[in-house]
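All remarks here apply to the structure that follows.
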Amino acid sequence: MAVKIITDSISYPEKAQAEALGIGLVPISLHFGPNEVYRDLVDLKPQEFYEKLTKVKELPTTSAPSPSQYEDAFRQALDQADEVFCLTVAGNLSMSHQAAIQAKKDLPPDMSDRVIVFDTETTGAPSCLMAIEAAHMANAGASLTTIHEKIAGYLPFAKLVVMFDTLSYIEKSGRCGKVAAIAGNLFHVKPVIYVYRGTTKFFGRPRGITQASRLIFDEFAKDVANATHIHLAFTHANAEQNLEQLKAMIFDKYPNITTEMVPFTTSMGSHAGPGIIGIGYIYSQG
């Protein structure tokens, strides 16, 4: 294999697909109190994480992989491949990117020169899609430079759009007041956010899944109106059944669209809770 693709667990596709594509994993750590630490996707699967989340009083915390974890992954990859393309979640959202950069610096020059660390400037599903496309290119024999240039071209055209099922977990994390959370849950408010180029923005507070699905769809349709290539991933936090309306809207208008199903990132889920649904997408224009 000429180029090995590596990602953190926030940017890691569904396990079977990732393993089939040969994508390497450097997991973040999940901390439930001071004594319970799990490696994301290794010791704890997304379904297990969200089930556990509903039973704890204090929200878990996350920590990025260490530089030494990345360095080990780079060294192992370079034993088998000529070069490494490492994708990380947005550098301003996690320390994962900085850890990978430090690991590259710690390698001997003859190894460091064969590694590119790439900031996806997003999180979750869009990062996963970049990793999937990079892996397909690598497996088809593309060079490291070609892969880098192609994936970098998606940076202005990558977005994550998701609905939170409840405000209760956001209230626990201190990102929303208790009264607002109670009122939001009482009136079935489903906050919708997007992540674009490292910025997270609340842009809608629809009532119910139907309205939220429509808002997500409209944002997607607006973005890809002039797209020549679209790659989309559905994502959820133990709530796949709640994606049906959104899926119907998308497949009705875009029957031939290329889609994936990827787990919702636990780093965001630890603050937002289970029940999340949404999409991530990357696209090209011109």
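Residues are named by chain letter and number: chains run A, B, ... in the order of the structure tokens, numbers start at 1 in each chain, and ligands are numbered from 1 in the order shown.
Residues surrounding range 193-210 of chain A within 6 Å are A:Ala90, A:Glu121, A:Thr122, A:Lys159, A:Leu160, A:Val161, A:Val162, A:His188 [only C-alpha atoms; sequence separation below 5 positions excluded].
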> Mind checking DSSP for range 13-51 of chain A and telling me the helix (DSSP H, G or I) residues as a ChimeraX atom specification?
Replying inline: /A:15-21,46-51
>> Quick one: residues within 6 Å of Ala64 in chain A, only C-alpha atoms, excluding same-chain residues fewer than 2 positions away - as a PyMOL selection string?
In response: chain A and resi 28+95-96
Keeping only N, CA and C atoms, write those residues as a PDB file, in the first residue's frame.
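selection.pdb, written as the output of this step:
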ATOM      1  N   ILE A  28      -9.876   8.799  20.631  1.00  0.00           N
ATOM      2  CA  ILE A  28      -9.940   9.720  21.756  1.00  0.00           C
ATOM      3  C   ILE A  28     -10.287   8.894  22.999  1.00  0.00           C
ATOM      4  N   MET A  95      -7.976  19.003  20.594  1.00  0.00           N
ATOM      5  CA  MET A  95      -6.516  19.001  20.602  1.00  0.00           C
ATOM      6  C   MET A  95      -5.945  17.860  19.761  1.00  0.00           C
ATOM      7  N   SER A  96      -6.803  17.084  19.142  1.00  0.00           N
ATOM      8  CA  SER A  96      -6.351  15.950  18.343  1.00  0.00           C
ATOM      9  C   SER A  96      -5.403  16.398  17.230  1.00  0.00           C
TER      10      SER A  96
END
> Near range 136-138 of chain A, within 9 Å and counting only C-alpha atoms, which residues show up once chain neighbours fewer than 6 positions away are dropped, as number ranges by chain?
Replying inline: A: 1-5, 21, 144, 146-147
>> Report as a VMD selection string all protein, DNA and RNA residues lying within 12 Å of Tyr70 in chain A, evaluated on only C-alpha atoms, omitting residues in the same chain fewer than 2 positions from it.
In response: chain A and resid 6 to 8 24 to 28 64 to 68 72 to 77 84 86 to 88 96 to 107 115 117
Requested write-out: N, CA and C atoms of the selected residues, as a tab-separated table (two decimals), in the first residue's frame:
chain	number	residue	atom	x	y	z
A	6	ILE	N	-5.12	7.48	8.10
A	6	ILE	CA	-5.31	7.38	9.55
A	6	ILE	C	-6.25	8.50	9.99
A	7	THR	N	-7.14	8.22	10.95
A	7	THR	CA	-8.01	9.26	11.51
A	7	THR	C	-8.12	9.10	13.02
A	8	ASP	N	-8.56	10.17	13.67
A	8	ASP	CA	-8.99	10.03	15.07
A	8	ASP	C	-10.37	9.39	15.07
A	24	GLY	N	-6.73	3.49	9.42
A	24	GLY	CA	-6.21	3.31	10.77
A	24	GLY	C	-6.90	4.22	11.76
A	25	LEU	N	-6.95	3.80	13.02
A	25	LEU	CA	-7.68	4.53	14.07
A	25	LEU	C	-6.75	4.94	15.20
A	26	VAL	N	-6.87	6.21	15.59
A	26	VAL	CA	-6.23	6.70	16.82
A	26	VAL	C	-7.37	7.24	17.69
A	27	PRO	N	-7.78	6.51	18.73
A	27	PRO	CA	-9.00	6.87	19.47
A	27	PRO	C	-8.82	8.00	20.47
A	28	ILE	N	-9.88	8.80	20.63
A	28	ILE	CA	-9.94	9.72	21.76
A	28	ILE	C	-10.29	8.89	23.00
A	64	ALA	N	-8.22	14.25	23.95
A	64	ALA	CA	-7.64	13.92	22.65
A	64	ALA	C	-6.55	12.86	22.79
A	65	PRO	N	-6.24	12.16	21.72
A	65	PRO	CA	-5.10	11.23	21.75
A	65	PRO	C	-3.82	12.00	22.06
A	66	SER	N	-2.87	11.34	22.65
A	66	SER	CA	-1.59	11.97	22.95
A	66	SER	C	-0.70	11.95	21.71
A	67	PRO	N	0.31	12.83	21.67
A	67	PRO	CA	1.27	12.77	20.56
A	67	PRO	C	1.93	11.39	20.42
A	68	SER	N	2.17	10.74	21.55
A	68	SER	CA	2.83	9.42	21.48
A	68	SER	C	1.92	8.39	20.82
A	72	ASP	N	3.10	6.42	17.50
A	72	ASP	CA	3.06	4.95	17.36
A	72	ASP	C	2.29	4.54	16.10
A	73	ALA	N	1.15	5.21	15.87
A	73	ALA	CA	0.33	4.88	14.70
A	73	ALA	C	1.07	5.20	13.41
A	74	PHE	N	1.80	6.33	13.38
A	74	PHE	CA	2.55	6.71	12.19
A	74	PHE	C	3.67	5.71	11.92
A	75	ARG	N	4.38	5.33	12.98
A	75	ARG	CA	5.49	4.39	12.80
A	75	ARG	C	4.98	3.04	12.29
A	76	GLN	N	3.89	2.54	12.87
A	76	GLN	CA	3.33	1.26	12.43
A	76	GLN	C	2.87	1.34	10.97
A	77	ALA	N	2.23	2.47	10.63
A	77	ALA	CA	1.75	2.63	9.26
A	77	ALA	C	2.90	2.67	8.26
A	84	VAL	N	1.77	8.49	4.76
A	84	VAL	CA	0.59	8.53	5.62
A	84	VAL	C	-0.17	9.83	5.40
A	86	CYS	N	-3.07	11.67	7.42
A	86	CYS	CA	-3.79	11.61	8.69
A	86	CYS	C	-4.80	12.74	8.76
A	87	LEU	N	-6.08	12.40	8.87
A	87	LEU	CA	-7.14	13.39	8.99
A	87	LEU	C	-7.55	13.54	10.45
A	88	THR	N	-7.73	14.78	10.89
A	88	THR	CA	-8.19	15.02	12.25
A	88	THR	C	-9.41	15.92	12.26
A	96	SER	N	-6.80	17.08	19.14
A	96	SER	CA	-6.35	15.95	18.34
A	96	SER	C	-5.40	16.40	17.23
A	97	HIS	N	-5.75	17.48	16.56
A	97	HIS	CA	-4.92	17.94	15.45
A	97	HIS	C	-3.53	18.35	15.93
A	98	GLN	N	-3.47	19.10	17.02
A	98	GLN	CA	-2.18	19.54	17.55
A	98	GLN	C	-1.33	18.35	18.00
A	99	ALA	N	-1.98	17.34	18.57
A	99	ALA	CA	-1.24	16.14	18.99
A	99	ALA	C	-0.62	15.43	17.79
A	100	ALA	N	-1.39	15.35	16.69
A	100	ALA	CA	-0.87	14.70	15.48
A	100	ALA	C	0.28	15.50	14.87
A	101	ILE	N	0.16	16.84	14.90
A	101	ILE	CA	1.23	17.70	14.40
A	101	ILE	C	2.51	17.49	15.22
A	102	GLN	N	2.36	17.41	16.55
A	102	GLN	CA	3.52	17.20	17.41
A	102	GLN	C	4.16	15.84	17.13
A	103	ALA	N	3.31	14.83	16.92
A	103	ALA	CA	3.82	13.49	16.63
A	103	ALA	C	4.64	13.48	15.34
A	104	LYS	N	4.15	14.18	14.35
A	104	LYS	CA	4.91	14.29	13.08
A	104	LYS	C	6.27	14.94	13.32
A	105	LYS	N	6.31	15.99	14.15
A	105	LYS	CA	7.58	16.67	14.45
A	105	LYS	C	8.55	15.76	15.20
A	106	ASP	N	7.97	14.85	16.01
A	106	ASP	CA	8.82	13.97	16.82
A	106	ASP	C	9.42	12.81	16.02
A	107	LEU	N	8.93	12.58	14.84
A	107	LEU	CA	9.48	11.52	14.00
A	107	LEU	C	10.82	11.94	13.40
A	115	VAL	N	4.67	12.05	6.02
A	115	VAL	CA	3.39	12.17	6.72
A	115	VAL	C	2.78	13.54	6.48
A	117	VAL	N	-0.43	15.72	7.99
A	117	VAL	CA	-1.52	15.83	8.97
A	117	VAL	C	-2.49	16.88	8.46
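Across the model, the gap from CA of Ser213 in chain A to CA of Glu244 in chain A is 9.3 Å.
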>> Please identify the strand (DSSP E) residues within range 57-133 of chain A (assignment by DSSP from backbone atoms) and present them as an MDAnalysis selection string.
In response: chainID A and resid 61:63 83:88 115:119
Proximity check range 7-46 of chain A to range 250-271 of chain A, 10 Å, nearest pairs one decimal Å, only C-alpha atoms, as JSON lines:
{"residue": "A:Ser9", "atom": "CA", "partner": "A:Thr265", "partner_atom": "CA", "distance": 7.9}
{"residue": "A:Ile10", "atom": "CA", "partner": "A:Thr265", "partner_atom": "CA", "distance": 5.3}
{"residue": "A:Ser11", "atom": "CA", "partner": "A:Thr265", "partner_atom": "CA", "distance": 7.9}
{"residue": "A:Tyr12", "atom": "CA", "partner": "A:Val262", "partner_atom": "CA", "distance": 8.3}
{"residue": "A:Pro13", "atom": "CA", "partner": "A:Val262", "partner_atom": "CA", "distance": 5.6}
{"residue": "A:Glu14", "atom": "CA", "partner": "A:Val262", "partner_atom": "CA", "distance": 5.2}
{"residue": "A:Lys15", "atom": "CA", "partner": "A:Val262", "partner_atom": "CA", "distance": 8.9}
{"residue": "A:Gln17", "atom": "CA", "partner": "A:Glu260", "partner_atom": "CA", "distance": 9.6}
{"residue": "A:Ile28", "atom": "CA", "partner": "A:Ser267", "partner_atom": "CA", "distance": 8.5}
{"residue": "A:Ser29", "atom": "CA", "partner": "A:Ser267", "partner_atom": "CA", "distance": 9.2}
{"residue": "A:Leu30", "atom": "CA", "partner": "A:Ser267", "partner_atom": "CA", "distance": 8.1}
{"residue": "A:Asp40", "atom": "CA", "partner": "A:Thr266", "partner_atom": "CA", "distance": 7.8}
{"residue": "A:Leu41", "atom": "CA", "partner": "A:Thr266", "partner_atom": "CA", "distance": 9.4}
{"residue": "A:Lys45", "atom": "CA", "partner": "A:Pro263", "partner_atom": "CA", "distance": 9.3}
{"residue": "A:Pro46", "atom": "CA", "partner": "A:Pro263", "partner_atom": "CA", "distance": 6.6}
For the residues selected in the previous step, produce a file with N, CA and C atoms as a JSON list (two decimals), in the first residue's frame.
[["chain", "number", "residue", "atom", "x", "y", "z"],
["A", 9, "SER", "N", -10.87, 9.02, 16.24],
["A", 9, "SER", "CA", -12.15, 8.31, 16.29],
["A", 9, "SER", "C", -13.34, 9.20, 15.98],
["A", 10, "ILE", "N", -13.17, 10.52, 16.04],
["A", 10, "ILE", "CA", -14.25, 11.43, 15.68],
["A", 10, "ILE", "C", -14.45, 11.44, 14.17],
["A", 11, "SER", "N", -13.39, 11.16, 13.44],
["A", 11, "SER", "CA", -13.42, 11.19, 11.98],
["A", 11, "SER", "C", -13.47, 9.78, 11.38],
["A", 12, "TYR", "N", -13.71, 8.77, 12.21],
["A", 12, "TYR", "CA", -13.64, 7.38, 11.79],
["A", 12, "TYR", "C", -15.00, 6.91, 11.28],
["A", 13, "PRO", "N", -15.06, 6.34, 10.08],
["A", 13, "PRO", "CA", -16.34, 5.84, 9.55],
["A", 13, "PRO", "C", -16.85, 4.63, 10.33],
["A", 14, "GLU", "N", -17.96, 4.10, 9.89],
["A", 14, "GLU", "CA", -18.50, 2.87, 10.49],
["A", 14, "GLU", "C", -17.43, 1.79, 10.43],
["A", 15, "LYS", "N", -17.30, 1.03, 11.52],
["A", 15, "LYS", "CA", -16.14, 0.16, 11.71],
["A", 15, "LYS", "C", -15.89, -0.81, 10.56],
["A", 17, "GLN", "N", -16.79, -0.72, 7.44],
["A", 17, "GLN", "CA", -16.36, -0.02, 6.24],
["A", 17, "GLN", "C", -14.92, 0.48, 6.38],
["A", 28, "ILE", "N", -9.88, 8.80, 20.63],
["A", 28, "ILE", "CA", -9.94, 9.72, 21.76],
["A", 28, "ILE", "C", -10.29, 8.89, 23.00],
["A", 29, "SER", "N", -10.16, 9.49, 24.17],
["A", 29, "SER", "CA", -10.51, 8.81, 25.42],
["A", 29, "SER", "C", -11.79, 9.40, 26.00],
["A", 30, "LEU", "N", -12.61, 8.53, 26.55],
["A", 30, "LEU", "CA", -13.87, 8.92, 27.19],
["A", 30, "LEU", "C", -13.75, 8.68, 28.69],
["A", 40, "ASP", "N", -12.42, 5.36, 22.76],
["A", 40, "ASP", "CA", -13.57, 5.48, 21.88],
["A", 40, "ASP", "C", -13.47, 4.50, 20.71],
["A", 41, "LEU", "N", -14.54, 3.76, 20.47],
["A", 41, "LEU", "CA", -14.69, 2.78, 19.40],
["A", 41, "LEU", "C", -13.86, 1.51, 19.60],
["A", 45, "LYS", "N", -18.36, 1.00, 22.16],
["A", 45, "LYS", "CA", -18.98, 1.32, 20.88],
["A", 45, "LYS", "C", -19.98, 2.47, 21.06],
["A", 46, "PRO", "N", -20.33, 3.17, 19.98],
["A", 46, "PRO", "CA", -21.26, 4.30, 20.11],
["A", 46, "PRO", "C", -22.57, 3.93, 20.80]]
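Going from CA of Lys52 in chain A over to CA of Ile279 in chain A, you cover 23.7 Å.
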